[in-house]
file coords-v9.cif (mmCIF, C-alpha atoms)
data_entry
#
loop_
_atom_site.group_PDB
_atom_site.id
_atom_site.type_symbol
_atom_site.label_atom_id
_atom_site.label_comp_id
_atom_site.auth_asym_id
_atom_site.auth_seq_id
_atom_site.Cartn_x
_atom_site.Cartn_y
_atom_site.Cartn_z
ATOM 1 C CA MET A 1 -17.664 8.307 -5.403
ATOM 2 C CA LYS A 2 -19.005 9.862 -2.206
ATOM 3 C CA ILE A 3 -17.319 7.388 0.140
ATOM 4 C CA ALA A 4 -14.028 7.216 -1.774
ATOM 5 C CA GLU A 5 -11.874 8.291 1.165
ATOM 6 C CA THR A 6 -13.152 5.579 3.463
ATOM 7 C CA VAL A 7 -10.819 3.123 1.726
ATOM 8 C CA THR A 8 -7.919 1.870 3.880
ATOM 9 C CA PHE A 9 -4.909 4.258 4.051
ATOM 10 C CA ALA A 10 -7.113 7.225 3.111
ATOM 11 C CA GLY A 11 -9.140 9.906 4.845
ATOM 12 C CA ALA A 12 -6.837 10.752 7.762
ATOM 13 C CA ASN A 13 -5.992 14.176 6.311
ATOM 14 C CA LEU A 14 -2.622 14.187 8.046
ATOM 15 C CA ASP A 15 -0.877 17.480 8.616
ATOM 16 C CA ARG A 16 2.421 16.485 7.028
ATOM 17 C CA ALA A 17 4.303 19.435 8.518
ATOM 18 C CA ALA A 18 6.232 20.326 5.367
ATOM 19 C CA ASP A 19 7.260 23.593 6.994
ATOM 20 C CA TRP A 20 9.158 21.667 9.699
ATOM 21 C CA ARG A 21 11.152 19.426 7.371
ATOM 22 C CA ALA A 22 14.085 21.782 6.808
ATOM 23 C CA ASP A 23 14.777 21.922 10.564
ATOM 24 C CA SER A 24 13.130 18.769 11.889
ATOM 25 C CA THR A 25 15.770 18.220 14.594
ATOM 26 C CA ALA A 26 14.332 21.202 16.465
ATOM 27 C CA HIS A 27 11.165 19.200 17.025
ATOM 28 C CA ILE A 28 12.587 15.803 18.018
ATOM 29 C CA ALA A 29 12.582 16.471 21.775
ATOM 30 C CA ASP A 30 8.814 17.065 21.709
ATOM 31 C CA SER A 31 7.768 14.224 19.469
ATOM 32 C CA ASP A 32 6.371 10.731 19.170
ATOM 33 C CA VAL A 33 8.178 8.056 17.183
ATOM 34 C CA ILE A 34 6.678 5.053 15.435
ATOM 35 C CA ALA A 35 9.041 2.161 14.804
ATOM 36 C CA LEU A 36 9.297 -0.224 11.850
ATOM 37 C CA TRP A 37 11.352 -3.358 11.372
ATOM 38 C CA ARG A 38 11.786 -4.510 7.772
ATOM 39 C CA GLY A 39 8.666 -2.599 6.826
ATOM 40 C CA LYS A 40 6.581 -3.996 9.687
ATOM 41 C CA PRO A 41 5.163 -1.397 12.119
ATOM 42 C CA LEU A 42 5.315 -1.850 15.888
ATOM 43 C CA VAL A 43 1.738 -2.470 17.020
ATOM 44 C CA MET A 44 -0.004 -3.060 20.318
ATOM 45 C CA GLY A 45 -3.587 -4.234 20.016
ATOM 46 C CA ASP A 46 -5.236 -2.073 17.353
ATOM 47 C CA ALA A 47 -2.823 0.868 17.429
ATOM 48 C CA LEU A 48 0.674 1.878 16.463
ATOM 49 C CA VAL A 49 3.033 2.143 19.406
ATOM 50 C CA ARG A 50 4.229 5.721 19.838
ATOM 51 C CA LEU A 51 7.574 5.925 21.597
ATOM 52 C CA ARG A 52 9.346 8.855 23.200
ATOM 53 C CA HIS A 53 12.284 10.098 21.152
ATOM 54 C CA ASP A 54 14.711 8.726 23.769
ATOM 55 C CA HIS A 55 13.061 5.343 24.293
ATOM 56 C CA PRO A 56 15.628 2.524 24.785
ATOM 57 C CA ALA A 57 14.274 0.591 21.796
ATOM 58 C CA LEU A 58 15.389 3.398 19.489
ATOM 59 C CA SER A 59 19.023 2.752 20.356
ATOM 60 C CA ASP A 60 18.745 -0.002 17.727
ATOM 61 C CA ALA A 61 17.387 2.367 15.083
ATOM 62 C CA ARG A 62 19.245 3.736 12.099
ATOM 63 C CA ASP A 63 20.263 7.373 12.311
ATOM 64 C CA MET A 64 17.651 8.786 9.932
ATOM 65 C CA ARG A 65 14.341 9.944 11.382
ATOM 66 C CA LEU A 66 11.465 10.548 8.987
ATOM 67 C CA LEU A 67 9.179 13.436 9.877
ATOM 68 C CA LEU A 68 5.745 12.064 8.994
ATOM 69 C CA ALA A 69 3.252 14.518 10.431
ATOM 70 C CA ARG A 70 2.284 16.994 13.116
ATOM 71 C CA SER A 71 -0.536 16.226 15.540
ATOM 72 C CA GLY A 72 -1.635 18.418 18.423
ATOM 73 C CA GLY A 73 1.478 20.517 17.951
ATOM 74 C CA ARG A 74 3.770 17.496 18.343
ATOM 75 C CA ALA A 75 5.895 15.980 15.626
ATOM 76 C CA ILE A 76 5.457 12.335 14.654
ATOM 77 C CA PHE A 77 8.636 10.697 13.396
ATOM 78 C CA ALA A 78 9.377 7.195 12.115
ATOM 79 C CA ALA A 79 12.459 5.146 12.953
ATOM 80 C CA ASP A 80 13.809 2.095 11.131
ATOM 81 C CA LEU A 81 15.020 -0.773 13.339
ATOM 82 C CA SER A 82 15.811 -3.123 10.443
ATOM 83 C CA ASP A 83 19.423 -3.616 11.609
ATOM 84 C CA TRP A 84 18.190 -5.106 14.888
ATOM 85 C CA THR A 85 18.139 -8.922 14.928
ATOM 86 C CA PRO A 86 15.255 -10.601 16.774
ATOM 87 C CA ALA A 87 15.858 -13.830 18.625
ATOM 88 C CA GLY A 88 15.392 -16.670 16.142
ATOM 89 C CA PRO A 89 13.345 -14.852 13.487
ATOM 90 C CA ASP A 90 11.459 -16.842 10.892
ATOM 91 C CA VAL A 91 12.449 -14.969 7.726
ATOM 92 C CA ALA A 92 10.939 -17.397 5.210
ATOM 93 C CA HIS A 93 7.684 -15.481 4.817
ATOM 94 C CA LEU A 94 8.738 -11.897 5.497
ATOM 95 C CA ASP A 95 7.068 -9.341 3.191
ATOM 96 C CA SER A 96 4.709 -11.924 1.714
ATOM 97 C CA PHE A 97 0.979 -12.611 1.614
ATOM 98 C CA SER A 98 1.459 -15.341 4.197
ATOM 99 C CA ASP A 99 3.691 -13.540 6.695
ATOM 100 C CA GLN A 100 2.014 -14.087 10.055
ATOM 101 C CA THR A 101 5.249 -13.851 12.030
ATOM 102 C CA GLU A 102 5.546 -11.231 14.749
ATOM 103 C CA GLN A 103 8.719 -9.946 16.388
ATOM 104 C CA ALA A 104 8.926 -8.430 19.880
ATOM 105 C CA HIS A 105 11.697 -6.045 20.862
ATOM 106 C CA PRO A 106 12.944 -6.635 24.435
ATOM 107 C CA ALA A 107 12.536 -2.931 25.267
ATOM 108 C CA VAL A 108 8.838 -3.059 24.272
ATOM 109 C CA PRO A 109 7.908 -6.663 25.097
ATOM 110 C CA GLN A 110 4.154 -6.075 25.105
ATOM 111 C CA ALA A 111 4.160 -4.926 21.452
ATOM 112 C CA THR A 112 5.091 -6.708 18.223
ATOM 113 C CA PHE A 113 6.237 -5.863 14.711
ATOM 114 C CA VAL A 114 3.383 -6.995 12.451
ATOM 115 C CA GLU A 115 3.078 -7.252 8.671
ATOM 116 C CA LEU A 116 1.137 -4.133 7.640
ATOM 117 C CA ARG A 117 -1.127 -6.065 5.261
ATOM 118 C CA SER A 118 -2.305 -8.085 8.249
ATOM 119 C CA ALA A 119 -2.823 -5.092 10.537
ATOM 120 C CA MET A 120 -4.122 -2.440 8.135
ATOM 121 C CA THR A 121 -7.841 -3.036 8.639
ATOM 122 C CA ARG A 122 -7.695 -2.763 12.422
ATOM 123 C CA LEU A 123 -5.616 0.409 12.626
ATOM 124 C CA SER A 124 -7.225 3.836 12.817
ATOM 125 C CA ARG A 125 -7.147 5.952 9.665
ATOM 126 C CA GLU A 126 -4.330 8.077 11.072
ATOM 127 C CA ASP A 127 -2.238 5.101 12.169
ATOM 128 C CA ALA A 128 -2.752 3.296 8.859
ATOM 129 C CA GLU A 129 -1.663 6.358 6.880
ATOM 130 C CA LEU A 130 1.357 6.936 9.125
ATOM 131 C CA ALA A 131 2.487 3.322 8.819
ATOM 132 C CA ALA A 132 2.004 3.236 5.051
ATOM 133 C CA THR A 133 3.860 6.508 4.560
ATOM 134 C CA ALA A 134 6.789 5.366 6.687
ATOM 135 C CA ARG A 135 6.972 1.991 4.961
ATOM 136 C CA SER A 136 7.047 3.533 1.488
ATOM 137 C CA LEU A 137 9.621 6.177 2.427
ATOM 138 C CA PHE A 138 11.989 3.730 4.095
ATOM 139 C CA HIS A 139 11.784 1.461 1.055
ATOM 140 C CA TRP A 140 12.580 4.402 -1.237
ATOM 141 C CA HIS A 141 15.668 5.308 0.791
ATOM 142 C CA ALA A 142 16.807 1.671 0.799
ATOM 143 C CA ILE A 143 16.920 1.488 -3.008
ATOM 144 C CA HIS A 144 17.875 5.085 -3.889
ATOM 145 C CA GLY A 145 21.169 5.527 -2.093
ATOM 146 C CA PHE A 146 22.929 6.721 -5.238
ATOM 147 C CA CYS A 147 22.268 9.608 -7.590
ATOM 148 C CA ALA A 148 20.401 8.565 -10.725
ATOM 149 C CA ASN A 149 22.169 11.353 -12.633
ATOM 150 C CA CYS A 150 25.861 10.746 -11.863
ATOM 151 C CA GLY A 151 25.997 7.613 -9.699
ATOM 152 C CA ALA A 152 27.537 9.248 -6.629
ATOM 153 C CA ALA A 153 26.211 8.512 -3.154
ATOM 154 C CA SER A 154 23.331 10.738 -2.096
ATOM 155 C CA VAL A 155 22.279 11.812 1.382
ATOM 156 C CA ALA A 156 18.851 12.132 2.983
ATOM 157 C CA THR A 157 17.651 15.684 3.622
ATOM 158 C CA GLN A 158 14.386 17.476 4.396
ATOM 159 C CA ALA A 159 13.603 15.019 7.222
ATOM 160 C CA GLY A 160 13.657 12.094 4.806
ATOM 161 C CA TRP A 161 11.574 13.659 2.021
ATOM 162 C CA GLN A 162 14.517 14.358 -0.276
ATOM 163 C CA ARG A 163 17.933 12.982 -1.217
ATOM 164 C CA ASP A 164 20.697 15.302 -2.386
ATOM 165 C CA CYS A 165 23.788 14.576 -4.436
ATOM 166 C CA ALA A 166 26.846 16.610 -3.425
ATOM 167 C CA ALA A 167 28.696 15.585 -6.588
ATOM 168 C CA CYS A 168 26.315 17.007 -9.214
ATOM 169 C CA GLY A 169 23.822 18.988 -7.127
ATOM 170 C CA ARG A 170 20.752 17.015 -8.140
ATOM 171 C CA HIS A 171 17.792 16.677 -5.769
ATOM 172 C CA HIS A 172 15.793 13.452 -5.727
ATOM 173 C CA PHE A 173 12.274 13.007 -4.369
ATOM 174 C CA PRO A 174 10.230 9.974 -3.276
ATOM 175 C CA ARG A 175 8.396 8.335 -6.154
ATOM 176 C CA THR A 176 4.926 6.907 -6.310
ATOM 177 C CA ASP A 177 4.004 4.634 -9.214
ATOM 178 C CA PRO A 178 0.464 5.118 -10.584
ATOM 179 C CA VAL A 179 -1.481 1.896 -11.058
ATOM 180 C CA VAL A 180 -4.963 1.450 -12.491
ATOM 181 C CA ILE A 181 -7.151 -1.191 -10.873
ATOM 182 C CA MET A 182 -10.297 -1.879 -12.811
ATOM 183 C CA LEU A 183 -13.857 -2.772 -11.914
ATOM 184 C CA ILE A 184 -14.808 -4.042 -15.369
ATOM 185 C CA THR A 185 -18.457 -5.016 -15.642
ATOM 186 C CA HIS A 186 -20.766 -6.425 -18.284
ATOM 187 C CA GLN A 187 -24.441 -6.497 -17.401
ATOM 188 C CA ASN A 188 -24.604 -8.464 -14.119
ATOM 189 C CA SER A 189 -21.006 -9.708 -14.051
ATOM 190 C CA VAL A 190 -17.586 -8.421 -13.061
ATOM 191 C CA LEU A 191 -14.193 -9.435 -14.456
ATOM 192 C CA VAL A 192 -11.668 -10.865 -11.986
ATOM 193 C CA GLY A 193 -8.314 -12.576 -12.338
ATOM 194 C CA ARG A 194 -5.411 -14.033 -10.411
ATOM 195 C CA SER A 195 -1.641 -13.834 -10.682
ATOM 196 C CA PRO A 196 0.736 -16.784 -10.353
ATOM 197 C CA GLY A 197 1.933 -17.260 -6.793
ATOM 198 C CA TRP A 198 -1.181 -15.858 -5.153
ATOM 199 C CA PRO A 199 -2.760 -17.888 -2.330
ATOM 200 C CA GLU A 200 -4.998 -20.658 -3.587
ATOM 201 C CA GLY A 201 -8.428 -19.402 -4.659
ATOM 202 C CA MET A 202 -7.553 -15.713 -4.405
ATOM 203 C CA TYR A 203 -9.000 -13.582 -7.213
ATOM 204 C CA SER A 204 -8.982 -9.829 -7.535
ATOM 205 C CA LEU A 205 -9.672 -7.042 -10.003
ATOM 206 C CA LEU A 206 -7.260 -6.669 -12.900
ATOM 207 C CA ALA A 207 -4.592 -4.006 -12.426
ATOM 208 C CA GLY A 208 -1.528 -2.604 -14.125
ATOM 209 C CA PHE A 209 0.971 0.247 -14.153
ATOM 210 C CA VAL A 210 0.230 3.435 -16.069
ATOM 211 C CA GLU A 211 2.781 3.945 -18.834
ATOM 212 C CA PRO A 212 4.496 7.258 -19.681
ATOM 213 C CA GLY A 213 2.325 9.512 -21.842
ATOM 214 C CA GLU A 214 -0.831 7.561 -20.999
ATOM 215 C CA THR A 215 -4.100 8.662 -19.400
ATOM 216 C CA LEU A 216 -5.756 6.592 -16.691
ATOM 217 C CA GLU A 217 -8.602 5.783 -19.073
ATOM 218 C CA ALA A 218 -6.233 4.587 -21.797
ATOM 219 C CA ALA A 219 -4.294 2.509 -19.283
ATOM 220 C CA VAL A 220 -7.506 0.751 -18.233
ATOM 221 C CA ARG A 221 -8.373 -0.217 -21.797
ATOM 222 C CA ARG A 222 -4.819 -1.321 -22.624
ATOM 223 C CA GLU A 223 -4.269 -3.368 -19.467
ATOM 224 C CA VAL A 224 -7.610 -5.198 -19.661
ATOM 225 C CA PHE A 225 -7.064 -6.079 -23.309
ATOM 226 C CA GLU A 226 -3.446 -7.148 -22.719
ATOM 227 C CA GLU A 227 -4.265 -9.336 -19.731
ATOM 228 C CA ALA A 228 -7.665 -10.753 -20.616
ATOM 229 C CA GLY A 229 -8.377 -9.909 -24.276
ATOM 230 C CA VAL A 230 -11.507 -7.963 -23.287
ATOM 231 C CA THR A 231 -12.264 -4.603 -24.898
ATOM 232 C CA VAL A 232 -13.524 -1.725 -22.765
ATOM 233 C CA GLY A 233 -15.633 1.298 -23.692
ATOM 234 C CA ALA A 234 -16.609 4.001 -21.197
ATOM 235 C CA VAL A 235 -14.221 4.445 -18.269
ATOM 236 C CA SER A 236 -14.677 6.556 -15.134
ATOM 237 C CA TYR A 237 -12.750 7.230 -11.910
ATOM 238 C CA LEU A 238 -13.993 5.905 -8.558
ATOM 239 C CA ALA A 239 -11.381 6.210 -5.783
ATOM 240 C CA SER A 240 -7.663 5.997 -5.042
ATOM 241 C CA GLN A 241 -5.533 4.252 -2.454
ATOM 242 C CA PRO A 242 -1.866 4.728 -1.567
ATOM 243 C CA TRP A 243 -0.469 1.191 -1.522
ATOM 244 C CA ALA A 244 2.807 0.834 0.363
ATOM 245 C CA PHE A 245 3.865 -2.499 -1.172
ATOM 246 C CA PRO A 246 6.221 -0.980 -2.056
ATOM 247 C CA ALA A 247 5.002 2.456 -3.239
ATOM 248 C CA SER A 248 2.053 2.757 -5.614
ATOM 249 C CA LEU A 249 -1.039 4.898 -5.977
ATOM 250 C CA MET A 250 -3.890 2.556 -6.862
ATOM 251 C CA CYS A 251 -6.363 4.443 -9.057
ATOM 252 C CA GLY A 252 -9.696 2.663 -8.832
ATOM 253 C CA MET A 253 -11.504 2.872 -12.168
ATOM 254 C CA ARG A 254 -14.793 1.602 -13.519
ATOM 255 C CA GLY A 255 -15.110 0.348 -17.101
ATOM 256 C CA GLU A 256 -17.854 -1.093 -19.262
ATOM 257 C CA ALA A 257 -16.781 -4.107 -21.308
ATOM 258 C CA THR A 258 -17.698 -4.124 -24.996
ATOM 259 C CA SER A 259 -16.695 -7.774 -25.427
ATOM 260 C CA THR A 260 -16.824 -10.796 -23.144
ATOM 261 C CA ALA A 261 -14.582 -13.448 -24.699
ATOM 262 C CA ILE A 262 -11.520 -13.979 -22.474
ATOM 263 C CA LYS A 263 -8.066 -14.733 -23.814
ATOM 264 C CA ILE A 264 -5.488 -14.390 -21.053
ATOM 265 C CA ASP A 265 -1.844 -13.531 -21.454
ATOM 266 C CA PRO A 266 -0.155 -16.231 -19.335
ATOM 267 C CA ALA A 267 2.862 -13.988 -18.884
ATOM 268 C CA GLU A 268 0.614 -11.492 -17.095
ATOM 269 C CA ILE A 269 -2.033 -13.514 -15.235
ATOM 270 C CA GLU A 270 -2.860 -17.133 -14.463
ATOM 271 C CA ASP A 271 -6.626 -16.967 -14.941
ATOM 272 C CA ALA A 272 -9.506 -14.567 -15.538
ATOM 273 C CA ARG A 273 -13.243 -15.085 -15.403
ATOM 274 C CA TRP A 274 -16.593 -13.332 -15.295
ATOM 275 C CA VAL A 275 -18.351 -13.612 -11.934
ATOM 276 C CA THR A 276 -22.011 -12.763 -11.513
ATOM 277 C CA ARG A 277 -23.250 -10.520 -8.721
ATOM 278 C CA GLU A 278 -24.885 -13.532 -7.054
ATOM 279 C CA GLU A 279 -21.631 -15.519 -7.196
ATOM 280 C CA MET A 280 -19.679 -12.578 -5.803
ATOM 281 C CA ALA A 281 -22.104 -12.378 -2.892
ATOM 282 C CA ASP A 282 -21.235 -16.019 -2.183
ATOM 283 C CA VAL A 283 -17.526 -15.164 -2.443
ATOM 284 C CA PHE A 284 -17.865 -12.434 0.182
ATOM 285 C CA ALA A 285 -19.853 -14.796 2.381
ATOM 286 C CA GLY A 286 -17.083 -17.397 2.119
ATOM 287 C CA GLN A 287 -19.445 -19.818 0.423
ATOM 288 C CA HIS A 288 -18.061 -19.950 -3.126
ATOM 289 C CA HIS A 289 -16.653 -23.318 -4.118
ATOM 290 C CA ASP A 290 -13.322 -22.097 -5.549
ATOM 291 C CA ILE A 291 -12.972 -18.306 -5.232
ATOM 292 C CA LYS A 292 -11.842 -16.473 -2.136
ATOM 293 C CA PRO A 293 -12.502 -12.740 -1.674
ATOM 294 C CA ALA A 294 -9.922 -10.061 -2.364
ATOM 295 C CA ARG A 295 -7.842 -9.086 0.654
ATOM 296 C CA PRO A 296 -9.795 -6.934 3.147
ATOM 297 C CA GLY A 297 -8.296 -3.453 3.197
ATOM 298 C CA ALA A 298 -7.230 -3.564 -0.447
ATOM 299 C CA ILE A 299 -9.017 -1.264 -2.865
ATOM 300 C CA ALA A 300 -10.154 -4.288 -4.901
ATOM 301 C CA HIS A 301 -12.141 -5.531 -1.911
ATOM 302 C CA PHE A 302 -13.495 -2.002 -1.350
ATOM 303 C CA LEU A 303 -14.669 -1.595 -4.947
ATOM 304 C CA LEU A 304 -16.211 -5.054 -5.174
ATOM 305 C CA GLU A 305 -17.998 -4.602 -1.861
ATOM 306 C CA ASN A 306 -19.491 -1.313 -3.017
ATOM 307 C CA TRP A 307 -20.421 -2.789 -6.401
ATOM 308 C CA LEU A 308 -22.317 -5.510 -4.559
ATOM 309 C CA SER A 309 -24.104 -3.005 -2.324
ATOM 310 C CA ASP A 310 -24.732 -0.583 -5.220
ATOM 311 C CA THR A 311 -22.920 2.302 -3.509
ATOM 312 C CA LEU A 312 -20.368 3.222 -6.174
ATOM 313 C CA ASP A 313 -21.896 6.662 -6.842
#
call {"tool": "encode", "arguments": {"input": "coords-v9.cif", "output": "structure tokens"}}
result
Amino acid sequence: MKIAETVTFAGANLDRAADWRADSTAHIADSDVIALWRGKPLVMGDALVRLRHDHPALSDARDMRLLLARSGGRAIFAADLSDWTPAGPDVAHLDSFSDQTEQAHPAVPQATFVELRSAMTRLSREDAELAATARSLFHWHAIHGFCANCGAASVATQAGWQRDCAACGRHHFPRTDPVVIMLITHQNSVLVGRSPGWPEGMYSLLAGFVEPGETLEAAVRREVFEEAGVTVGAVSYLASQPWAFPASLMCGMRGEATSTAIKIDPAEIEDARWVTREEMADVFAGQHHDIKPARPGAIAHFLLENWLSDTLD
């Protein structure tokens, strides 16, 4: 797919400065720092806020600094301010589809912490990739504080790109879970579905995790049959998207259905249906009577939009 890397969170070609990770502290004094609070990046307008390493707001940050990239010879770090408590935060919708809350730190009153899913389409490619990388890495550290081999506490090393266990000597590295997301078509129609708990009317492409020992193509056929009872023949790759919610690599695939009868697995999805190209055009125009478009910025929206415009090649 010629325009594959125009999908959100892709195409920035960050210099991730792996050669600086072993001694990242040497580069802190000449660096920019992006800040996150509970996975939400600090944003002003359409850009990430880049703070000096000694900015007063960072006094509320945890000790660990993630080295994300190098730009113009300067290091870009990320800091986690999740221990800071905003004045009267509304925590009911944090990390959800409907989280529209914004939090302002008193040391940067003109900026706000914004849910990344809400901000991702207005950020530059570089800012979107930086924010997604930081969000995924901080989440990994939050749930991998102990060695999976012996159970002892591990410590962050390599500027946040590794955790080491002093007890057994094991090294642990950030994980990314591969997921297939499928543009399954039959003649003039595409298969879409919805999961329980999604916003009313929201439909998207079917998706599922790749299992151990499985190819992407096999995962497509298995997931579509498990979720919707539809069999799939030829499968091909289209594009990928790192998805920081919490840490997946969405592998966009195209498949040709060899059956059309739908039998959903209610444990997997709430509904599935075939939607014609003309109906999907109405969906994107906001004129369909009961289907809303996939979230802008998500690879499902990207693939459906390019299917509609016939630009998948």
call {"tool": "resolve_selection", "arguments": {"input": "coords-v9.cif", "expression": "the PyMOL selection byres ((chain A and resi 25) around 12)", "output": "number ranges by chain"}}
result
A: 20-24, 26-31, 53, 63-67, 75-77, 157-160
call {"tool": "axis_aligned_box", "arguments": {"input": "coords-v9.cif", "around": "segment 107-126 of chain A", "padding_each_side": "4 Å", "output": "lines of an AutoDock Vina configuration file"}}
result
center_x = 2.3
center_y = 0.0
center_z = 15.3
size_x = 28.4
size_y = 24.2
size_z = 28.0
call {"tool": "closest_atom_pairs", "arguments": {"input": "coords-v9.cif", "of": "segment 127-213 of chain A", "to": "segment 283-297 of chain A", "cutoff": "10 Å", "atoms": "all atoms listed in the file", "output": "CSV"}}
result
residue,atom,partner,partner_atom,distance
A:Val192,CA,A:Ala294,CA,9.8
A:Pro199,CA,A:Lys292,CA,9.2
A:Glu200,CA,A:Lys292,CA,8.2
A:Gly201,CA,A:Ile291,CA,4.7
A:Met202,CA,A:Lys292,CA,4.9
A:Tyr203,CA,A:Ala294,CA,6.1
A:Ser204,CA,A:Ala294,CA,5.3
A:Leu205,CA,A:Ala294,CA,8.2
call {"tool": "resolve_selection", "arguments": {"input": "coords-v9.cif", "expression": "the PyMOL selection byres ((chain A and resi 245) around 10)", "output": "PyMOL selection string"}}
result
chain A and resi 39+95-96+116-117+132+135-136+139+242-244+246-248
call {"tool": "write_last_selection", "arguments": {"input": "coords-v9.cif", "atoms": "C-alpha atoms", "output": "PDB file, in the frame of the given file"}}
result
ATOM      1  CA  GLY A  39       8.666  -2.599   6.826  1.00  0.00           C
ATOM      2  CA  ASP A  95       7.068  -9.341   3.191  1.00  0.00           C
ATOM      3  CA  SER A  96       4.709 -11.924   1.714  1.00  0.00           C
ATOM      4  CA  LEU A 116       1.137  -4.133   7.640  1.00  0.00           C
ATOM      5  CA  ARG A 117      -1.127  -6.065   5.261  1.00  0.00           C
ATOM      6  CA  ALA A 132       2.004   3.236   5.051  1.00  0.00           C
ATOM      7  CA  ARG A 135       6.972   1.991   4.961  1.00  0.00           C
ATOM      8  CA  SER A 136       7.047   3.533   1.488  1.00  0.00           C
ATOM      9  CA  HIS A 139      11.784   1.461   1.055  1.00  0.00           C
ATOM     10  CA  PRO A 242      -1.866   4.728  -1.567  1.00  0.00           C
ATOM     11  CA  TRP A 243      -0.469   1.191  -1.522  1.00  0.00           C
ATOM     12  CA  ALA A 244       2.807   0.834   0.363  1.00  0.00           C
ATOM     13  CA  PRO A 246       6.221  -0.980  -2.056  1.00  0.00           C
ATOM     14  CA  ALA A 247       5.002   2.456  -3.239  1.00  0.00           C
ATOM     15  CA  SER A 248       2.053   2.757  -5.614  1.00  0.00           C
TER      16      SER A 248
END
call {"tool": "resolve_selection", "arguments": {"input": "coords-v9.cif", "expression": "the PyMOL selection byres ((chain A and resi 107-114) around 12)", "output": "VMD selection string"}}
result
chain A and resid 34 to 52 54 to 60 80 to 82 84 86 89 94 to 96 98 to 106 115 to 120 122 to 123 131
call {"tool": "residues_around", "arguments": {"input": "coords-v9.cif", "residues": "segment 175-179 of chain A", "least_positions_apart": "3", "cutoff": "6 Å", "atoms": "all atoms listed in the file", "output": "list in words"}}
result
Gly208, Phe209, Val210, Ala247, Ser248, Leu249, Met250 and Cys251 of chain A
call {"tool": "atom_distance", "arguments": {"input": "coords-v9.cif", "atom1": "atom CA of Ala78 of chain A", "atom2": "atom CA of Arg16 of chain A"}}
result
12.7 Å
call {"tool": "atom_distance", "arguments": {"input": "coords-v9.cif", "atom1": "atom CA of Gln187 of chain A", "atom2": "atom CA of Asp313 of chain A"}}
result
17.1 Å
call {"tool": "residues_around", "arguments": {"input": "coords-v9.cif", "residues": "Ser154 of chain A", "least_positions_apart": "6", "cutoff": "9 Å", "atoms": "only C-alpha atoms", "output": "ChimeraX atom specification"}}
result
/A:144-147,163-167,171-172
call {"tool": "closest_residue", "arguments": {"input": "coords-v9.cif", "among": "A:Ala261, A:Ala148, A:Val190, A:Met182", "to": "Arg222 of chain A", "atoms": "only C-alpha atoms"}}
result
A:Met182
call {"tool": "residues_around", "arguments": {"input": "coords-v9.cif", "residues": "Ala218 of chain A", "least_positions_apart": "5", "cutoff": "10 Å", "atoms": "all atoms listed in the file", "output": "number ranges by chain"}}
result
A: 180, 210-211, 213, 223, 232, 235
call {"tool": "closest_residue", "arguments": {"input": "coords-v9.cif", "among": "A:Ser240, A:Thr6, A:Thr85, A:Ser124", "to": "Ala61 of chain A", "atoms": "all atoms listed in the file"}}
result
A:Thr85
call {"tool": "closest_residue", "arguments": {"input": "coords-v9.cif", "among": "A:Thr276, A:Ser236, A:Ser71, A:Gln241", "to": "Ala17 of chain A", "atoms": "all atoms listed in the file"}}
result
A:Ser71
call {"tool": "atom_distance", "arguments": {"input": "coords-v9.cif", "atom1": "atom CA of Ala207 of chain A", "atom2": "atom CA of Pro266 of chain A"}}
result
14.7 Å
call {"tool": "closest_residue", "arguments": {"input": "coords-v9.cif", "among": "A:Thr260, A:Val33, A:Gly169, A:Leu303", "to": "Thr8 of chain A", "atoms": "all atoms listed in the file"}}
result
A:Leu303
call {"tool": "closest_residue", "arguments": {"input": "coords-v9.cif", "among": "A:Ile181, A:Leu206, A:Ile299, A:Ala79", "to": "Glu268 of chain A", "atoms": "all atoms listed in the file"}}
result
A:Leu206
call {"tool": "closest_residue", "arguments": {"input": "coords-v9.cif", "among": "A:Ala239, A:Leu130, A:Ile184, A:Cys168", "to": "Cys150 of chain A", "atoms": "only C-alpha atoms"}}
result
A:Cys168
call {"tool": "residues_around", "arguments": {"input": "coords-v9.cif", "residues": "Leu238 of chain A", "least_positions_apart": "4", "cutoff": "12 Å", "atoms": "only C-alpha atoms", "output": "list in words"}}
result
Met1, Lys2, Ile3, Ala4, Glu5, Val7, Val180, Ile181, Met182, Leu183, Leu216, Glu217, Met250, Cys251, Gly252, Met253, Arg254, Gly255, Ile299, Ala300, Phe302, Leu303, Leu304, Asn306, Trp307, Thr311, Leu312 and Asp313 of chain A
call {"tool": "decode", "arguments": {"input": "coords-v9.cif", "residues": "segment 298-303 of chain A", "atoms": "N, CA and C atoms", "output": "mmCIF file, in the first residue's frame"}}
result
data_model
loop_
_atom_site.group_PDB
_atom_site.id
_atom_site.type_symbol
_atom_site.label_atom_id
_atom_site.label_comp_id
_atom_site.auth_asym_id
_atom_site.auth_seq_id
_atom_site.Cartn_x
_atom_site.Cartn_y
_atom_site.Cartn_z
ATOM 1 N N ALA A 298 -7.777 6.023 13.851
ATOM 2 C CA ALA A 298 -7.595 4.585 13.987
ATOM 3 C C ALA A 298 -7.385 3.969 12.605
ATOM 4 N N ILE A 299 -6.661 2.861 12.562
ATOM 5 C CA ILE A 299 -6.366 2.240 11.282
ATOM 6 C C ILE A 299 -7.633 1.735 10.604
ATOM 7 N N ALA A 300 -8.670 1.398 11.374
ATOM 8 C CA ALA A 300 -9.931 0.977 10.757
ATOM 9 C C ALA A 300 -10.508 2.099 9.898
ATOM 10 N N HIS A 301 -10.505 3.303 10.428
ATOM 11 C CA HIS A 301 -10.987 4.462 9.674
ATOM 12 C C HIS A 301 -10.129 4.669 8.430
ATOM 13 N N PHE A 302 -8.820 4.545 8.576
ATOM 14 C CA PHE A 302 -7.872 4.716 7.475
ATOM 15 C C PHE A 302 -8.133 3.709 6.356
ATOM 16 N N LEU A 303 -8.309 2.448 6.716
ATOM 17 C CA LEU A 303 -8.523 1.408 5.711
ATOM 18 C C LEU A 303 -9.878 1.570 5.025
#
